[in-house]
file run.pdb (PDB, C-alpha atoms and all ligand atoms)
MODEL        1
ATOM      1  CA  MET K   1     -29.511  10.116  -2.614
ATOM      2  CA  LEU K   2     -26.000   8.685  -2.005
ATOM      3  CA  SER K   3     -23.526   9.528  -4.753
ATOM      4  CA  TYR K   4     -20.479   7.578  -5.912
ATOM      5  CA  THR K   5     -17.453   8.365  -8.084
ATOM      6  CA  ILE K   6     -15.968   5.157  -9.494
ATOM      7  CA  ILE K   7     -12.278   5.627 -10.379
ATOM      8  CA  TYR K   8     -10.957   2.634 -12.274
ATOM      9  CA  ASN K   9      -7.595   1.765 -13.711
ATOM     10  CA  PRO K  10      -7.904  -0.309 -16.924
ATOM     11  CA  ALA K  11      -4.229  -1.330 -16.559
ATOM     12  CA  SER K  12      -4.483  -2.856 -13.045
ATOM     13  CA  GLY K  13      -4.125  -6.557 -12.402
ATOM     14  CA  HIS K  14      -5.640  -8.704 -15.114
ATOM     15  CA  ALA K  15      -7.318  -5.723 -16.811
ATOM     16  CA  LYS K  16     -10.711  -6.647 -15.328
ATOM     17  CA  GLY K  17     -11.208  -3.193 -13.762
ATOM     18  CA  PRO K  18     -13.535  -1.774 -16.455
ATOM     19  CA  THR K  19     -15.930  -4.773 -16.343
ATOM     20  CA  ALA K  20     -16.001  -4.693 -12.545
ATOM     21  CA  ALA K  21     -16.607  -0.932 -12.541
ATOM     22  CA  GLU K  22     -19.523  -1.284 -15.004
ATOM     23  CA  LEU K  23     -21.102  -4.046 -12.901
ATOM     24  CA  LEU K  24     -20.807  -1.939  -9.744
ATOM     25  CA  LYS K  25     -22.342   1.035 -11.575
ATOM     26  CA  ALA K  26     -25.315  -1.075 -12.727
ATOM     27  CA  LYS K  27     -25.918  -2.421  -9.194
ATOM     28  CA  LEU K  28     -25.689   1.043  -7.644
ATOM     29  CA  GLU K  29     -28.081   2.523 -10.212
ATOM     30  CA  ASP K  30     -30.511  -0.343  -9.578
ATOM     31  CA  HIS K  31     -30.593   0.996  -6.022
ATOM     32  CA  GLN K  32     -31.157   4.609  -7.142
ATOM     33  CA  ARG K  33     -27.609   5.771  -6.341
ATOM     34  CA  LEU K  34     -25.978   8.513  -8.400
ATOM     35  CA  VAL K  35     -22.822   7.310 -10.193
ATOM     36  CA  THR K  36     -19.964   9.134 -11.984
ATOM     37  CA  MET K  37     -17.497   6.973 -13.911
ATOM     38  CA  LYS K  38     -13.833   8.039 -14.076
ATOM     39  CA  PRO K  39     -11.504   5.707 -16.027
ATOM     40  CA  THR K  40      -7.813   6.616 -15.724
ATOM     41  CA  LYS K  41      -5.871   7.279 -18.915
ATOM     42  CA  ASN K  42      -2.569   8.269 -17.335
ATOM     43  CA  ALA K  43      -0.634   7.231 -14.262
ATOM     44  CA  ASP K  44      -1.611  10.288 -12.170
ATOM     45  CA  ASP K  45      -5.275  10.573 -13.171
ATOM     46  CA  ALA K  46      -6.658   8.746 -10.126
ATOM     47  CA  ARG K  47      -5.233  11.351  -7.741
ATOM     48  CA  GLU K  48      -6.712  14.239  -9.737
ATOM     49  CA  PHE K  49     -10.119  12.552  -9.988
ATOM     50  CA  ALA K  50     -10.221  11.863  -6.227
ATOM     51  CA  ALA K  51      -9.135  15.412  -5.397
ATOM     52  CA  ARG K  52     -12.091  16.807  -7.374
ATOM     53  CA  ALA K  53     -14.799  14.198  -6.747
ATOM     54  CA  HIS K  54     -18.028  15.748  -5.429
ATOM     55  CA  SER K  55     -19.641  12.486  -4.334
ATOM     56  CA  ASP K  56     -20.241  10.964  -0.884
ATOM     57  CA  ILE K  57     -18.153   7.908  -1.721
ATOM     58  CA  VAL K  58     -15.108   7.480  -3.971
ATOM     59  CA  VAL K  59     -14.538   3.909  -5.161
ATOM     60  CA  ALA K  60     -10.997   2.875  -6.156
ATOM     61  CA  VAL K  61     -11.158  -0.010  -8.649
ATOM     62  CA  GLY K  62      -7.665  -1.468  -9.023
ATOM     63  CA  GLY K  63      -4.703  -2.450  -6.899
ATOM     64  CA  ASP K  64      -2.526  -0.804  -4.274
ATOM     65  CA  GLY K  65      -1.062   1.729  -6.736
ATOM     66  CA  THR K  66      -4.536   2.957  -7.686
ATOM     67  CA  ILE K  67      -5.674   3.075  -4.033
ATOM     68  CA  ASN K  68      -2.534   5.027  -3.149
ATOM     69  CA  GLN K  69      -3.360   7.632  -5.773
ATOM     70  CA  VAL K  70      -7.006   7.894  -4.785
ATOM     71  CA  VAL K  71      -5.951   8.364  -1.140
ATOM     72  CA  ALA K  72      -3.391  10.983  -2.219
ATOM     73  CA  GLY K  73      -6.267  12.890  -3.842
ATOM     74  CA  LEU K  74      -8.559  12.534  -0.812
ATOM     75  CA  ALA K  75      -6.010  13.184   1.960
ATOM     76  CA  PRO K  76      -5.454  16.950   1.471
ATOM     77  CA  ARG K  77      -9.231  17.571   1.528
ATOM     78  CA  GLN K  78     -10.759  18.895   4.754
ATOM     79  CA  GLN K  79     -13.696  16.489   4.814
ATOM     80  CA  PRO K  80     -12.820  13.826   2.276
ATOM     81  CA  PRO K  81     -15.497  11.554   0.813
ATOM     82  CA  ILE K  82     -15.548   7.986   2.132
ATOM     83  CA  LEU K  83     -13.177   5.573   0.383
ATOM     84  CA  ALA K  84     -14.439   2.272  -1.039
ATOM     85  CA  ILE K  85     -12.300  -0.399  -2.671
ATOM     86  CA  LEU K  86     -13.109  -2.869  -5.437
ATOM     87  CA  PRO K  87      -9.934  -4.993  -5.496
ATOM     88  CA  LYS K  88      -8.858  -5.497  -9.088
ATOM     89  CA  GLY K  89      -5.075  -5.303  -8.722
ATOM     90  CA  THR K  90      -2.564  -8.122  -8.736
ATOM     91  CA  VAL K  91      -1.518  -8.375  -5.082
ATOM     92  CA  ASN K  92      -4.290  -6.255  -3.466
ATOM     93  CA  ASN K  93      -2.335  -5.903  -0.235
ATOM     94  CA  LEU K  94      -4.601  -3.300   1.422
ATOM     95  CA  ALA K  95      -7.838  -5.086   0.500
ATOM     96  CA  ARG K  96      -6.469  -8.272   2.119
ATOM     97  CA  VAL K  97      -5.488  -6.359   5.268
ATOM     98  CA  LEU K  98      -8.960  -4.835   5.533
ATOM     99  CA  HIS K  99     -10.695  -8.188   4.871
ATOM    100  CA  ILE K 100     -12.413  -6.707   1.838
ATOM    101  CA  PRO K 101     -13.462  -9.723  -0.257
ATOM    102  CA  LEU K 102     -11.448 -10.256  -3.425
ATOM    103  CA  LEU K 103     -14.388 -11.975  -5.177
ATOM    104  CA  LEU K 104     -16.335  -9.421  -7.219
ATOM    105  CA  PRO K 105     -19.933 -10.122  -6.005
ATOM    106  CA  LEU K 106     -18.768 -10.116  -2.373
ATOM    107  CA  ALA K 107     -16.665  -6.986  -2.882
ATOM    108  CA  ILE K 108     -19.724  -5.217  -4.336
ATOM    109  CA  LYS K 109     -21.852  -6.457  -1.394
ATOM    110  CA  ASN K 110     -19.217  -4.967   0.942
ATOM    111  CA  ILE K 111     -19.651  -1.562  -0.737
ATOM    112  CA  PHE K 112     -23.408  -1.714  -0.102
ATOM    113  CA  GLU K 113     -23.284  -3.106   3.434
ATOM    114  CA  ALA K 114     -20.050  -2.126   5.206
ATOM    115  CA  ASN K 115     -19.806   0.812   7.586
ATOM    116  CA  PRO K 116     -16.941   3.329   7.326
ATOM    117  CA  GLN K 117     -13.849   2.336   9.330
ATOM    118  CA  PRO K 118     -10.937   4.642  10.185
ATOM    119  CA  LEU K 119      -7.821   3.988   8.114
ATOM    120  CA  ASP K 120      -4.385   5.313   9.064
ATOM    121  CA  ILE K 121      -2.345   6.733   6.236
ATOM    122  CA  ALA K 122       0.995   8.551   6.350
ATOM    123  CA  GLN K 123       2.361  11.599   4.633
ATOM    124  CA  VAL K 124       5.844  11.097   3.170
ATOM    125  CA  ASN K 125       7.273  14.454   2.081
ATOM    126  CA  ASP K 126       4.632  15.577  -0.446
ATOM    127  CA  ARG K 127       3.318  12.055  -1.040
ATOM    128  CA  TYR K 128       1.042   9.663   0.842
ATOM    129  CA  MET K 129       1.335   6.035   1.816
ATOM    130  CA  VAL K 130      -1.358   3.496   2.642
ATOM    131  CA  SER K 131       0.657   0.289   2.988
ATOM    132  CA  THR K 132       4.418   0.097   2.774
ATOM    133  CA  LEU K 133       7.579   2.096   2.228
ATOM    134  CA  THR K 134      10.769   0.223   1.381
ATOM    135  CA  LEU K 135      14.322   1.452   1.088
ATOM    136  CA  GLY K 136      17.371  -0.521  -0.007
ATOM    137  CA  VAL K 137      17.360  -4.019  -1.419
ATOM    138  CA  LEU K 138      13.621  -4.549  -0.848
ATOM    139  CA  ALA K 139      12.915  -1.468  -2.963
ATOM    140  CA  ASN K 140      15.360  -2.746  -5.592
ATOM    141  CA  ALA K 141      13.539  -6.085  -5.526
ATOM    142  CA  ALA K 142      10.158  -4.367  -5.913
ATOM    143  CA  LEU K 143      11.505  -2.292  -8.813
ATOM    144  CA  SER K 144      12.606  -5.446 -10.586
ATOM    145  CA  VAL K 145       9.140  -7.050 -10.264
ATOM    146  CA  THR K 146       7.209  -6.589 -13.501
ATOM    147  CA  GLN K 147       3.400  -6.539 -13.823
ATOM    148  CA  LYS K 148       3.730  -9.772 -15.837
ATOM    149  CA  GLY K 149       5.801 -11.401 -13.082
ATOM    150  CA  LYS K 150       3.260 -10.360 -10.418
ATOM    151  CA  ARG K 151       0.385 -11.734 -12.494
ATOM    152  CA  HIS K 152       2.092 -15.080 -13.004
ATOM    153  CA  PHE K 153       3.522 -15.704  -9.564
ATOM    154  CA  GLY K 154       1.603 -13.432  -7.135
ATOM    155  CA  PRO K 155       3.263 -12.227  -3.887
ATOM    156  CA  ILE K 156       5.891 -15.020  -3.975
ATOM    157  CA  ILE K 157       7.703 -13.098  -6.747
ATOM    158  CA  TYR K 158       8.724 -10.486  -4.130
ATOM    159  CA  LEU K 159      10.423 -13.178  -2.047
ATOM    160  CA  SER K 160      12.309 -14.615  -5.007
ATOM    161  CA  LYS K 161      13.481 -11.196  -6.271
ATOM    162  CA  GLY K 162      14.237 -10.194  -2.675
ATOM    163  CA  PHE K 163      16.663 -13.059  -2.203
ATOM    164  CA  LYS K 164      18.386 -12.308  -5.494
ATOM    165  CA  VAL K 165      19.105  -8.729  -4.469
ATOM    166  CA  LEU K 166      20.016  -9.727  -0.894
ATOM    167  CA  ALA K 167      22.704 -11.923  -2.394
ATOM    168  CA  GLN K 168      24.336  -8.807  -3.875
ATOM    169  CA  HIS K 169      25.191  -7.713  -0.297
ATOM    170  CA  GLN K 170      24.573  -4.027  -0.914
ATOM    171  CA  HIS K 171      24.210  -2.006   2.267
ATOM    172  CA  TRP K 172      23.868   1.629   3.245
ATOM    173  CA  VAL K 173      24.206   3.748   6.368
ATOM    174  CA  LEU K 174      20.847   5.259   7.334
ATOM    175  CA  GLN K 175      20.050   7.751  10.043
ATOM    176  CA  LEU K 176      16.572   7.676  11.533
ATOM    177  CA  ASP K 177      15.103  10.217  13.918
ATOM    178  CA  SER K 178      11.799   9.874  15.762
ATOM    179  CA  ALA K 179      10.478  12.259  18.430
ATOM    180  CA  HIS K 180      12.230  10.257  21.160
ATOM    181  CA  ARG K 181      15.163   8.397  19.637
ATOM    182  CA  GLN K 182      17.831   8.324  16.974
ATOM    183  CA  TRP K 183      19.250   5.328  15.137
ATOM    184  CA  LYS K 184      22.284   5.064  12.856
ATOM    185  CA  LYS K 185      22.429   1.697  11.132
ATOM    186  CA  ASP K 186      24.372   0.034   8.358
ATOM    187  CA  THR K 187      21.589  -1.952   6.714
ATOM    188  CA  GLN K 188      20.523  -3.823   3.607
ATOM    189  CA  PHE K 189      16.951  -2.668   3.862
ATOM    190  CA  LEU K 190      14.446  -0.645   5.776
ATOM    191  CA  LEU K 191      10.738  -1.373   5.797
ATOM    192  CA  VAL K 192       8.009   0.897   7.125
ATOM    193  CA  THR K 193       4.507  -0.530   7.157
ATOM    194  CA  MET K 194       1.139   0.910   8.204
ATOM    195  CA  THR K 195      -0.504  -2.505   8.485
ATOM    196  CA  ASN K 196       0.129  -6.134   9.350
ATOM    197  CA  SER K 197       0.816  -7.057   5.732
ATOM    198  CA  VAL K 198       3.715  -6.619   3.354
ATOM    199  CA  GLY K 199       3.474  -7.520  -0.348
ATOM    200  CA  GLY K 200       0.402  -9.690   0.275
ATOM    201  CA  PHE K 201       1.879 -11.641   3.230
ATOM    202  CA  THR K 202      -0.821 -10.757   5.721
ATOM    203  CA  ASN K 203       0.818 -11.921   8.950
ATOM    204  CA  ALA K 204       4.143 -10.152   8.491
ATOM    205  CA  VAL K 205       3.546  -7.826  11.488
ATOM    206  CA  PRO K 206       1.042  -9.604  13.774
ATOM    207  CA  ASP K 207       0.487  -6.776  16.278
ATOM    208  CA  ALA K 208      -0.079  -4.036  13.675
ATOM    209  CA  ALA K 209      -3.586  -2.836  12.819
ATOM    210  CA  PRO K 210      -4.666  -0.454  10.053
ATOM    211  CA  ASP K 211      -6.027   2.009  12.635
ATOM    212  CA  ASP K 212      -3.407   1.755  15.408
ATOM    213  CA  GLY K 213      -1.911   5.207  14.749
ATOM    214  CA  HIS K 214       1.617   3.854  14.249
ATOM    215  CA  LEU K 215       4.301   3.355  11.660
ATOM    216  CA  HIS K 216       5.920  -0.066  12.109
ATOM    217  CA  VAL K 217       9.608   0.227  11.302
ATOM    218  CA  PHE K 218      12.041  -2.613  10.557
ATOM    219  CA  ILE K 219      15.764  -2.055  10.053
ATOM    220  CA  ALA K 220      17.302  -5.273   8.785
ATOM    221  CA  PRO K 221      20.718  -6.542   9.782
ATOM    222  CA  LYS K 222      23.268  -7.173   7.035
ATOM    223  CA  LEU K 223      22.289 -10.657   5.854
ATOM    224  CA  THR K 224      24.552 -13.156   4.151
ATOM    225  CA  TRP K 225      22.935 -15.314   1.476
ATOM    226  CA  TRP K 226      22.681 -18.146   3.999
ATOM    227  CA  ARG K 227      21.131 -15.966   6.713
ATOM    228  CA  SER K 228      18.680 -14.499   4.200
ATOM    229  CA  LEU K 229      17.444 -18.031   3.456
ATOM    230  CA  LEU K 230      16.951 -18.542   7.186
ATOM    231  CA  ALA K 231      14.873 -15.345   7.201
ATOM    232  CA  ILE K 232      12.118 -16.822   4.972
ATOM    233  CA  PRO K 233      10.242 -18.715   7.729
ATOM    234  CA  TYR K 234      10.467 -15.675  10.045
ATOM    235  CA  PHE K 235       8.801 -13.569   7.356
ATOM    236  CA  ILE K 236       6.097 -16.033   6.320
ATOM    237  CA  THR K 237       5.111 -17.026   9.869
ATOM    238  CA  GLY K 238       4.849 -13.458  11.093
ATOM    239  CA  ASN K 239       7.982 -13.553  13.244
ATOM    240  CA  PHE K 240       9.858 -10.995  11.163
ATOM    241  CA  GLN K 241      10.496  -8.947  14.332
ATOM    242  CA  LYS K 242      12.321 -11.901  15.907
ATOM    243  CA  LEU K 243      14.871 -12.309  13.118
ATOM    244  CA  PRO K 244      18.270 -12.106  14.870
ATOM    245  CA  GLY K 245      19.719  -8.602  14.470
ATOM    246  CA  MET K 246      16.421  -7.038  13.305
ATOM    247  CA  THR K 247      15.589  -3.637  14.817
ATOM    248  CA  TYR K 248      11.850  -3.073  15.179
ATOM    249  CA  PHE K 249      10.008  -0.137  16.674
ATOM    250  CA  LYS K 250       6.714   1.752  16.427
ATOM    251  CA  THR K 251       6.471   5.490  16.065
ATOM    252  CA  GLU K 252       4.065   8.189  14.894
ATOM    253  CA  GLN K 253       6.660  10.119  12.924
ATOM    254  CA  LEU K 254      10.091   9.516  11.491
ATOM    255  CA  THR K 255      12.788  11.254   9.464
ATOM    256  CA  ILE K 256      15.099   9.096   7.352
ATOM    257  CA  GLN K 257      18.408  10.386   6.010
ATOM    258  CA  ALA K 258      19.955   8.135   3.398
ATOM    259  CA  PRO K 259      22.506   8.307   0.580
ATOM    260  CA  LYS K 260      20.999  10.000  -2.493
ATOM    261  CA  THR K 261      21.578   6.938  -4.685
ATOM    262  CA  LEU K 262      19.323   4.756  -2.558
ATOM    263  CA  GLN K 263      16.148   3.449  -4.196
ATOM    264  CA  SER K 264      12.888   3.721  -2.293
ATOM    265  CA  ARG K 265       9.300   2.786  -3.025
ATOM    266  CA  ILE K 266       5.977   3.842  -1.558
ATOM    267  CA  ASP K 267       3.140   1.342  -2.093
ATOM    268  CA  GLY K 268       5.071  -0.153  -4.983
ATOM    269  CA  ASP K 269       5.818   3.082  -6.872
ATOM    270  CA  PRO K 270       9.187   4.884  -7.043
ATOM    271  CA  SER K 271       9.163   7.326  -4.187
ATOM    272  CA  ALA K 272      10.234  10.750  -3.023
ATOM    273  CA  LYS K 273      13.887  11.705  -2.572
ATOM    274  CA  THR K 274      15.534  11.440   0.831
ATOM    275  CA  PRO K 275      15.471  12.820   3.466
ATOM    276  CA  LEU K 276      12.049  11.290   3.936
ATOM    277  CA  LYS K 277       9.786  12.893   6.528
ATOM    278  CA  ILE K 278       7.019  10.482   7.458
ATOM    279  CA  ALA K 279       4.036  11.276   9.712
ATOM    280  CA  VAL K 280       0.906   9.248  10.477
ATOM    281  CA  ILE K 281      -2.459  10.833   9.659
ATOM    282  CA  ALA K 282      -5.067   9.058  11.791
ATOM    283  CA  ASP K 283      -8.878   9.471  11.841
ATOM    284  CA  HIS K 284      -9.038  11.332   8.535
ATOM    285  CA  ILE K 285      -9.707   8.696   5.876
ATOM    286  CA  GLN K 286     -12.694   6.360   6.342
ATOM    287  CA  VAL K 287     -12.988   3.172   4.312
ATOM    288  CA  LEU K 288     -15.965   0.866   3.717
ATOM    289  CA  ALA K 289     -14.760  -2.408   5.229
ATOM    290  CA  PRO K 290     -15.711  -5.019   7.827
ATOM    291  CA  PRO K 291     -14.983  -3.780  11.395
ATOM    292  CA  ILE K 292     -11.240  -3.733  12.172
ATOM    293  CA  LYS K 293     -10.560  -6.082  15.111
TER     294      LYS K 293
HETATM  295  N1  LIG K 301      -4.690   4.102 -17.777
HETATM  296  C1  LIG K 301      -3.523   3.682 -17.313
HETATM  297  N2  LIG K 301      -2.616   3.084 -18.120
HETATM  298  C2  LIG K 301      -1.449   2.627 -17.655
HETATM  299  N3  LIG K 301      -1.074   2.672 -16.353
HETATM  300  C3  LIG K 301      -1.935   3.234 -15.505
HETATM  301  C4  LIG K 301      -3.187   3.762 -15.920
HETATM  302  N4  LIG K 301      -3.838   4.227 -14.843
HETATM  303  C5  LIG K 301      -3.008   4.022 -13.801
HETATM  304  N5  LIG K 301      -1.878   3.419 -14.178
HETATM  305  C6  LIG K 301      -0.732   2.972 -13.355
HETATM  306  O1  LIG K 301      -0.875   1.575 -13.089
HETATM  307  C7  LIG K 301      -0.162   1.305 -11.885
HETATM  308  C8  LIG K 301      -0.509  -0.069 -11.312
HETATM  309  O2  LIG K 301      -1.825  -0.082 -10.874
HETATM  310  P1  LIG K 301      -2.317  -0.923  -9.615
HETATM  311  O3  LIG K 301      -1.360  -0.877  -8.508
HETATM  312  O4  LIG K 301      -3.718  -0.518  -9.356
HETATM  313  O5  LIG K 301      -2.367  -2.410 -10.181
HETATM  314  P2  LIG K 301      -1.460  -3.650  -9.837
HETATM  315  O6  LIG K 301      -0.014  -3.244  -9.810
HETATM  316  O7  LIG K 301      -1.873  -4.705 -10.793
HETATM  317  O8  LIG K 301      -2.005  -4.073  -8.401
HETATM  318  P3  LIG K 301      -1.230  -4.300  -6.997
HETATM  319  O9  LIG K 301      -0.498  -3.009  -6.720
HETATM  320  O10 LIG K 301      -2.318  -4.586  -6.025
HETATM  321  O11 LIG K 301      -0.324  -5.465  -7.231
HETATM  322  C9  LIG K 301      -0.535   2.490 -10.986
HETATM  323  O12 LIG K 301       0.455   2.786 -10.044
HETATM  324  C10 LIG K 301      -0.704   3.656 -11.988
HETATM  325  O13 LIG K 301       0.425   4.526 -11.959
ENDMDL
END
call {"tool": "encode", "arguments": {"input": "run.pdb", "output": "structure tokens"}}
result
Amino acid sequence: MLSYTIIYNPASGHAKGPTAAELLKAKLEDHQRLVTMKPTKNADDAREFAARAHSDIVVAVGGDGTINQVVAGLAPRQQPPILAILPKGTVNNLARVLHIPLLLPLAIKNIFEANPQPLDIAQVNDRYMVSTLTLGVLANAALSVTQKGKRHFGPIIYLSKGFKVLAQHQHWVLQLDSAHRQWKKDTQFLLVTMTNSVGGFTNAVPDAAPDDGHLHVFIAPKLTWWRSLLAIPYFITGNFQKLPGMTYFKTEQLTIQAPKTLQSRIDGDPSAKTPLKIAVIADHIQVLAPPIK
């Protein structure tokens, strides 16, 4: 009999996680599956629950922050249970990337019918990342986005906050080292993404796939207010790489040295201190999702 641990965050998105989790439980039990319910009470609970789950499948009910924590619990395990996602966050970046339906009945159907697909994750110092790491003004913008703001405006709030902080013209010298190259850049922001989507904009990196084994790294040029406005269409149409002055490369591992005062975020949460050592972990986590093309 297949067993499931349902980890749900009552604080995610529009607080619909508990209802969704109960509905999934009822459907699974109708089909004679064994279910354990694990509501989070504190910010770190999801990681602990995933680290100790004894089921075949661990379902993360929530948004990218909850998925990040569930993955952080699964990743250190030798043979982790399969990950499933019931998107109940605000932006649901990873669910969009994986074409997991956002509508509840279809998302539940996906959990019953989808086959496991490999999902790249990355280790960042002692943390894990499933979607995006930002450093510099993008991280500052993300830090200034409140849950309320995300709920009201959706992904567009990141653009609006982003342009506000770009206008402050803060910049930092970063040093990046991969296995083959070194970069030293004076930049306003750095973005590392595992997938083709950033903050819910799903065509931000057209040639990236969630199982391609790469980190996709963008080092932005210093942008004036006027040039940052010109950057909007590049970002929305998936031509971010072609923005004049943008450095883009793919790598499997990267070390970033940055000033200690610099803000960074991993999957939306305040992140580890620099230097950041990032390495892709491929073929370890499997997720129930439509086949990745
Ligand atoms: N019981 C809880 N009460 C308050 N906060 C919690 C609780 N459980 C988890 N959290 C915190 O809530 C944060 C936000 O959750 P999550 O990312 O799932 O939702 P979201 O921000 O609405 O969605 P998205 O990231 O997709 O926009 C998590 O990073 C986690 O630290």
call {"tool": "residues_near_ligand", "arguments": {"input": "run.pdb", "ligand": "ligand LIG 301 (chain K)", "cutoff": "6 Å", "atoms": "all atoms listed in the file", "output": "VMD selection string"}}
result
chain K and resid 9 to 13 40 to 43 62 to 66 89 to 93
call {"tool": "write_last_selection", "arguments": {"input": "run.pdb", "atoms": "C-alpha atoms", "output": "compact mmCIF listing (two decimals), keeping the file's coordinate frame"}}
result
# COMPACT_ATOMS: atom_id res chain seq x y z
CA ASN K 9 -7.60 1.76 -13.71
CA PRO K 10 -7.90 -0.31 -16.92
CA ALA K 11 -4.23 -1.33 -16.56
CA SER K 12 -4.48 -2.86 -13.04
CA GLY K 13 -4.12 -6.56 -12.40
CA THR K 40 -7.81 6.62 -15.72
CA LYS K 41 -5.87 7.28 -18.92
CA ASN K 42 -2.57 8.27 -17.34
CA ALA K 43 -0.63 7.23 -14.26
CA GLY K 62 -7.66 -1.47 -9.02
CA GLY K 63 -4.70 -2.45 -6.90
CA ASP K 64 -2.53 -0.80 -4.27
CA GLY K 65 -1.06 1.73 -6.74
CA THR K 66 -4.54 2.96 -7.69
CA GLY K 89 -5.08 -5.30 -8.72
CA THR K 90 -2.56 -8.12 -8.74
CA VAL K 91 -1.52 -8.38 -5.08
CA ASN K 92 -4.29 -6.26 -3.47
CA ASN K 93 -2.34 -5.90 -0.24
call {"tool": "atom_distance", "arguments": {"input": "run.pdb", "atom1": "CA of Leu104 (chain K)", "atom2": "CA of Pro87 (chain K)"}}
result
8.0 Å
call {"tool": "atom_distance", "arguments": {"input": "run.pdb", "atom1": "CA of Val61 (chain K)", "atom2": "CA of Pro76 (chain K)"}}
result
20.6 Å
call {"tool": "resolve_selection", "arguments": {"input": "run.pdb", "expression": "the PyMOL selection byres (((chain K and resi 181) around 12) and not hetatm)", "output": "list in words"}}
result
Gln175, Leu176, Asp177, Ser178, Ala179, His180, Gln182, Trp183, Lys184, Phe249, Lys250, Thr251, Gln253, Leu254 and Thr255 of chain K
call {"tool": "closest_residue", "arguments": {"input": "run.pdb", "among": "K:Ala95, K:His214, K:Val173, K:Thr195", "to": "Gln257 (chain K)", "atoms": "all atoms listed in the file"}}
result
K:Val173
call {"tool": "resolve_selection", "arguments": {"input": "run.pdb", "expression": "the PyMOL selection byres (((chain K and resi 79) around 12) and not hetatm)", "output": "ChimeraX atom specification"}}
result
/K:51,53-57,73-78,80-83,283-286
call {"tool": "closest_residue", "arguments": {"input": "run.pdb", "among": "K:Met129, K:Ala114, K:Leu106, K:Val137", "to": "His171 (chain K)", "atoms": "all atoms listed in the file"}}
result
K:Val137
call {"tool": "resolve_selection", "arguments": {"input": "run.pdb", "expression": "the PyMOL selection byres (((chain K and resi 5) around 9) and not hetatm)", "output": "PyMOL selection string"}}
result
chain K and resi 3-4+6-7+34-38+49-50+53-60
call {"tool": "atom_distance", "arguments": {"input": "run.pdb", "atom1": "CA of Arg265 (chain K)", "atom2": "CA of Thr132 (chain K)"}}
result
8.0 Å
call {"tool": "residues_around", "arguments": {"input": "run.pdb", "residues": "Glu252 (chain K)", "least_positions_apart": "2", "cutoff": "7 Å", "atoms": "all atoms listed in the file", "output": "list in words"}}
result
Gly213, His214, Leu215, Ala279 and Val280 of chain K
call {"tool": "write_last_selection", "arguments": {"input": "run.pdb", "atoms": "C-alpha atoms", "output": "tab-separated table (two decimals), keeping the file's coordinate frame"}}
result
chain	number	residue	atom	x	y	z
K	213	GLY	CA	-1.91	5.21	14.75
K	214	HIS	CA	1.62	3.85	14.25
K	215	LEU	CA	4.30	3.36	11.66
K	279	ALA	CA	4.04	11.28	9.71
K	280	VAL	CA	0.91	9.25	10.48
